[in-house]
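This report refers to the structure that appears directly beneath it.
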Amino acid sequence: MDNKPVDWAKLRTDFPSLDQKVHSKPLIYFDNAATSQKPRAVIDALVHYYEHDNSNVHRGIHELSNRATAGFEAGRVRAAKFINAKNSDEIIFTRGTTEGINLVAATWGAANLKSGDVILLTEVEHHSNIVPWQMLAKKTGAKLAYIPVTGDDGVLDLSQLDALLTRQVKLLSMVHISNSMGTVNPVAELCARARKLGITTLVDGAQSAGHMPIDVQAIGCDFFAFSGHKICGPTGIGVLWGRQELLDAMPPYQGGGEMILTVGYQKTEYKKAPHRFEAGTPDISGPIGLHAAMDYLDAIGRENIWKHDQELAHYAYDQLAALEGVRLFGPKQGRAGLVSFLLDDVHAHDVVTLADQGGVALRGGHHCTQPLMHKLGVESTARASFYFYNTQAEVDRFIEVVEEIQKFFAS
Ligand SMILES: Cc1ncc(COP(=O)(O)O)c(C=O)c1O
């Protein structure tokens with residue numbers, strides 16, 4: 001990445017949706033961990049596709065189909081570069097992180113796990129990295145185990161790792177950045193430990209892919225999943241990366257058109273990966289929009305984005321920590337671009353509702369990490385999650401709004 005200074009204020013003007021008022025207040029969009037806003041470049045790529053190239057992919061011989069196929073497959077090559085995959089055949093298009101993890105559970109999991117095997121997760125997982133494994137465990141008789149979290153700081157207790165990495169563990173599946181705590185898990189270190197024991201690894205990159213440089217080969221995982229909509233791309237498109245040798249050995253996920261070589265009334269021959277995992281007409285505009293999003297992010301530089309997001313998060317954390325009656329979650333240092341908190345005697349939903357009246361879009365709830373919330377003894381938290389188009393002035397306004405909410409409930 002280059003070191004030229006980034007004009008953050010100018011970048012912000014690329015996002016039409018940010019330029020609006022909500023309840024007569026300028027919108028402050030702090031719900032980026034749920035989904036990001038879309039820059040003009042992505043919107044234009046989608047409009048261009050539908051205005052000029054719209055057609056079905058792969059089997060066409062006519063011009064529009066060739067263009068649609070070229071755009072779709074160029075998205076695959078771009079995605080491979082985005083995460084430093086060895087080649088684009090390792091990129092499977094999915095609906096998002098959730099579908100990517102379900103795909104691995106349904107294919108690799110069903111083919112490789114048996115009764116008594118252990119699937120090792122962490123206590124900070126999103127539901128999408130818990131429920132598919134529970135479903136698989138029910139089918140196969142495998143068991144789930146969890147690397148514990150130390151407490152409100154959302155950090156994994158790695159002192160337990162030796163005891164947890166038993167010979168029964170066949171898969172370690174873990175989140176890269178926790179969406180509810182902001183913890184950055186040491187995934188490369190954990191993958192290295194797992195690899196020594198022959199354990200297959202999956203990294204949930206939903207919160208990391210668009211916020212920091214990703215190199216799947218350096219992480220050393222076997223699978224990596226992320227969602228387009230969280231990285232300035234369209235909804236409904238995501239990526240599952242898998243090591244070629246694993247993908248080639250995996251049975252298909254769904255059957256239908258696009259994924260076959262030949263079909264007889266009794267028997268079918270499947271295509272190789274990635275096409276064997278992409279049955280039916282895919283989301284064609286998705287990879288085209290995602291391509292534009294990846295170009296857009298890498299023109300800024302994900303190292304720059306990472307630094308910017310972290311600075312905002314630490315700034316917000318310190319401001320909140322200076323207030324009375326605030327319980328903060330996630331690590332004090334080294335956090336990703338979000339803060340999760342509770343105000344004494346105020347429900348998180350009330351915080352979010354009142355913040356919305358002030359133009360600040362937060363999220364309140366269990367953030368799809370219900371087991372973690374139970375473990376920490378809370379039902380929900382309020383969360384402000386940042387992206388590169390957010391500013392320190394917006395954090396200042398957010399803190400003012402939090403203070404107004406505290407005053408309102410104190411009166
Ligand atoms: C850490 C994490 N994993 C997985 C997901 C699921 O992503 P999607 O809903 O795009 O499939 C999310 C979404 O918030 C997430 O934050």
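Scheme for the structure tokens: letters A, B, ... for chains in order shown; per-chain residue numbers from 1; ligand numbers from 1 in order shown.
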Which residues of stretch 144-179 of chain A have any atom within 8 Å of an atom in stretch 125-136 of chain A when counting only C-alpha atoms, and what is the closest pair of atoms for each, with the distance in Å to one decimal? Order the rows by chain and rising number and write it as JSON lines.
{"residue": "A:Leu144", "atom": "CA", "partner": "A:Gln134", "partner_atom": "CA", "distance": 7.3}
{"residue": "A:Ser173", "atom": "CA", "partner": "A:Asn129", "partner_atom": "CA", "distance": 7.3}
{"residue": "A:Met174", "atom": "CA", "partner": "A:Glu125", "partner_atom": "CA", "distance": 6.7}
{"residue": "A:Val175", "atom": "CA", "partner": "A:Glu125", "partner_atom": "CA", "distance": 6.0}
{"residue": "A:Ser178", "atom": "CA", "partner": "A:Glu125", "partner_atom": "CA", "distance": 7.0}
{"residue": "A:Asn179", "atom": "CA", "partner": "A:His126", "partner_atom": "CA", "distance": 7.4}
Given the selection you just returned, output its residues as a file containing N, CA and C atoms, formatted as a PDB file, in the first residue's frame.
ATOM      1  N   LEU A 144     -19.532 -30.065  19.870  1.00  0.00           N
ATOM      2  CA  LEU A 144     -18.998 -28.705  19.780  1.00  0.00           C
ATOM      3  C   LEU A 144     -18.216 -28.378  21.050  1.00  0.00           C
ATOM      4  N   SER A 173     -13.153 -23.407  13.702  1.00  0.00           N
ATOM      5  CA  SER A 173     -13.816 -22.363  12.922  1.00  0.00           C
ATOM      6  C   SER A 173     -13.983 -21.140  13.813  1.00  0.00           C
ATOM      7  N   MET A 174     -13.484 -20.000  13.363  1.00  0.00           N
ATOM      8  CA  MET A 174     -13.448 -18.838  14.278  1.00  0.00           C
ATOM      9  C   MET A 174     -13.603 -17.527  13.540  1.00  0.00           C
ATOM     10  N   VAL A 175     -14.101 -16.573  14.280  1.00  0.00           N
ATOM     11  CA  VAL A 175     -14.304 -15.248  13.712  1.00  0.00           C
ATOM     12  C   VAL A 175     -12.976 -14.483  13.750  1.00  0.00           C
ATOM     13  N   SER A 178     -14.601  -9.859  16.035  1.00  0.00           N
ATOM     14  CA  SER A 178     -15.914 -10.044  16.654  1.00  0.00           C
ATOM     15  C   SER A 178     -16.803  -8.840  16.372  1.00  0.00           C
ATOM     16  N   ASN A 179     -18.000  -9.114  15.849  1.00  0.00           N
ATOM     17  CA  ASN A 179     -18.923  -8.027  15.513  1.00  0.00           C
ATOM     18  C   ASN A 179     -19.571  -7.419  16.748  1.00  0.00           C
TER      19      ASN A 179
END
Item to check | Surrounding residues as a VMD selection string, ligand 1, max 8 Å, only C-alpha atoms and all ligand atoms | outcome: chain A and resid 33 to 35 95 to 100 125 to 129 175 to 180 204 to 207 226 to 230 235 to 236 238 367 to 368
Item to check | All residues 6 Å or closer to A:Ser115, only C-alpha atoms, same chain fewer than 5 positions away omitted, as a list in words | outcome: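 Near neighbours after the sequence-gap exclusion: Thr140, Gly141 and Ala142 of chain A.
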Restricting the output to N, CA, C and O atoms, write the selected residues as a compact mmCIF listing (two decimals), in the first residue's frame.
# COMPACT_ATOMS: atom_id res chain seq x y z
N THR A 140 -24.24 -35.70 12.45
CA THR A 140 -23.08 -36.60 12.41
C THR A 140 -22.75 -37.21 13.77
O THR A 140 -21.98 -38.17 13.83
N GLY A 141 -23.24 -36.61 14.83
CA GLY A 141 -22.85 -37.07 16.17
C GLY A 141 -21.57 -36.40 16.65
O GLY A 141 -21.03 -36.76 17.70
N ALA A 142 -21.06 -35.44 15.87
CA ALA A 142 -19.88 -34.67 16.33
C ALA A 142 -20.29 -33.77 17.50
O ALA A 142 -21.48 -33.54 17.72
Next on the checklist: Which of stretch 106-287 of chain A end up as strand (DSSP E) when DSSP is run on this backbone - answer as a PyMOL selection string?
Outcome noted: chain A and resi 118-122+143-147+169-175+200-204+223-227+238-242+260-263+268-270
Using the selection just defined, write its residues with C-alpha atoms as a PDB file, in the first residue's frame.
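The new file part-v2.pdb reads:
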ATOM      1  CA  VAL A 118     -15.059 -32.261  17.807  1.00  0.00           C
ATOM      2  CA  ILE A 119     -15.754 -28.933  16.098  1.00  0.00           C
ATOM      3  CA  LEU A 120     -13.866 -26.238  17.985  1.00  0.00           C
ATOM      4  CA  LEU A 121     -15.338 -22.716  17.925  1.00  0.00           C
ATOM      5  CA  THR A 122     -14.844 -19.669  20.120  1.00  0.00           C
ATOM      6  CA  LYS A 143     -19.578 -32.422  19.391  1.00  0.00           C
ATOM      7  CA  LEU A 144     -18.998 -28.705  19.780  1.00  0.00           C
ATOM      8  CA  ALA A 145     -16.329 -27.194  22.031  1.00  0.00           C
ATOM      9  CA  TYR A 146     -15.517 -23.528  22.580  1.00  0.00           C
ATOM     10  CA  ILE A 147     -12.373 -21.520  23.280  1.00  0.00           C
ATOM     11  CA  VAL A 169     -10.813 -31.911  16.994  1.00  0.00           C
ATOM     12  CA  LYS A 170     -11.311 -31.997  13.212  1.00  0.00           C
ATOM     13  CA  LEU A 171     -12.252 -28.386  12.584  1.00  0.00           C
ATOM     14  CA  LEU A 172     -11.412 -25.035  14.142  1.00  0.00           C
ATOM     15  CA  SER A 173     -13.816 -22.363  12.922  1.00  0.00           C
ATOM     16  CA  MET A 174     -13.448 -18.838  14.278  1.00  0.00           C
ATOM     17  CA  VAL A 175     -14.304 -15.248  13.712  1.00  0.00           C
ATOM     18  CA  THR A 200      -8.938 -27.980   9.186  1.00  0.00           C
ATOM     19  CA  THR A 201      -9.571 -24.271   9.775  1.00  0.00           C
ATOM     20  CA  LEU A 202     -12.211 -21.761   8.743  1.00  0.00           C
ATOM     21  CA  VAL A 203     -12.024 -18.017   9.328  1.00  0.00           C
ATOM     22  CA  ASP A 204     -15.181 -15.886   9.370  1.00  0.00           C
ATOM     23  CA  PHE A 223     -11.524 -21.637   4.309  1.00  0.00           C
ATOM     24  CA  PHE A 224     -12.284 -17.907   4.537  1.00  0.00           C
ATOM     25  CA  ALA A 225     -15.774 -16.423   4.157  1.00  0.00           C
ATOM     26  CA  PHE A 226     -16.975 -12.841   3.784  1.00  0.00           C
ATOM     27  CA  SER A 227     -19.951 -10.755   2.634  1.00  0.00           C
ATOM     28  CA  GLY A 238     -20.352 -13.032  -0.820  1.00  0.00           C
ATOM     29  CA  VAL A 239     -17.229 -15.093  -1.195  1.00  0.00           C
ATOM     30  CA  LEU A 240     -16.135 -18.412   0.158  1.00  0.00           C
ATOM     31  CA  TRP A 241     -12.474 -19.109  -0.421  1.00  0.00           C
ATOM     32  CA  GLY A 242     -11.184 -22.634   0.054  1.00  0.00           C
ATOM     33  CA  ILE A 260     -22.758 -30.113 -14.241  1.00  0.00           C
ATOM     34  CA  LEU A 261     -20.625 -31.535 -17.015  1.00  0.00           C
ATOM     35  CA  THR A 262     -23.130 -34.139 -18.247  1.00  0.00           C
ATOM     36  CA  VAL A 263     -26.502 -35.254 -16.917  1.00  0.00           C
ATOM     37  CA  THR A 268     -24.564 -36.773 -13.310  1.00  0.00           C
ATOM     38  CA  GLU A 269     -20.963 -35.723 -13.717  1.00  0.00           C
ATOM     39  CA  TYR A 270     -20.135 -32.515 -11.889  1.00  0.00           C
TER      40      TYR A 270
END
Could the residues of stretch 142-232 of chain A that have an atom at most 6 Å from stretch 327-347 of chain A be listed as JSON lines, each with its closest atom pair and the distance in Å to one decimal, counting only C-alpha atoms and ordered by chain and ascending residue number?
{"residue": "A:Asp152", "atom": "CA", "partner": "A:Phe329", "partner_atom": "CA", "distance": 5.0}
{"residue": "A:Asp153", "atom": "CA", "partner": "A:Gly330", "partner_atom": "CA", "distance": 4.0}
{"residue": "A:Gly154", "atom": "CA", "partner": "A:Gly330", "partner_atom": "CA", "distance": 4.7}
{"residue": "A:Met181", "atom": "CA", "partner": "A:Gly330", "partner_atom": "CA", "distance": 4.3}
{"residue": "A:Gly182", "atom": "CA", "partner": "A:Ala336", "partner_atom": "CA", "distance": 4.9}
{"residue": "A:Thr183", "atom": "CA", "partner": "A:Arg335", "partner_atom": "CA", "distance": 5.5}
Selection from above, N, CA and C atoms, as a PDB file, in the first residue's frame, can you write it?
ATOM      1  N   ASP A 152     -15.672  -9.255  29.859  1.00  0.00           N
ATOM      2  CA  ASP A 152     -16.184  -8.127  29.078  1.00  0.00           C
ATOM      3  C   ASP A 152     -15.208  -7.654  28.000  1.00  0.00           C
ATOM      4  N   ASP A 153     -13.911  -7.966  28.169  1.00  0.00           N
ATOM      5  CA  ASP A 153     -12.950  -7.496  27.170  1.00  0.00           C
ATOM      6  C   ASP A 153     -13.031  -8.301  25.866  1.00  0.00           C
ATOM      7  N   GLY A 154     -13.789  -9.374  25.872  1.00  0.00           N
ATOM      8  CA  GLY A 154     -14.036 -10.126  24.635  1.00  0.00           C
ATOM      9  C   GLY A 154     -12.810 -10.820  24.070  1.00  0.00           C
ATOM     10  N   MET A 181     -17.902  -7.404  19.988  1.00  0.00           N
ATOM     11  CA  MET A 181     -16.886  -6.968  20.954  1.00  0.00           C
ATOM     12  C   MET A 181     -15.807  -6.080  20.315  1.00  0.00           C
ATOM     13  N   GLY A 182     -15.575  -6.292  19.025  1.00  0.00           N
ATOM     14  CA  GLY A 182     -14.481  -5.573  18.363  1.00  0.00           C
ATOM     15  C   GLY A 182     -13.124  -6.221  18.574  1.00  0.00           C
ATOM     16  N   THR A 183     -13.119  -7.432  19.147  1.00  0.00           N
ATOM     17  CA  THR A 183     -11.854  -8.162  19.347  1.00  0.00           C
ATOM     18  C   THR A 183     -11.282  -8.602  18.007  1.00  0.00           C
TER      19      THR A 183
END
Checklist entry - Quick one: of A:Leu103, A:Asp157, A:Val360, A:Ala293, who's nearest to A:Arg397, counting only C-alpha atoms? => result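 For A:Arg397, the nearest of the candidates is A:Val360.
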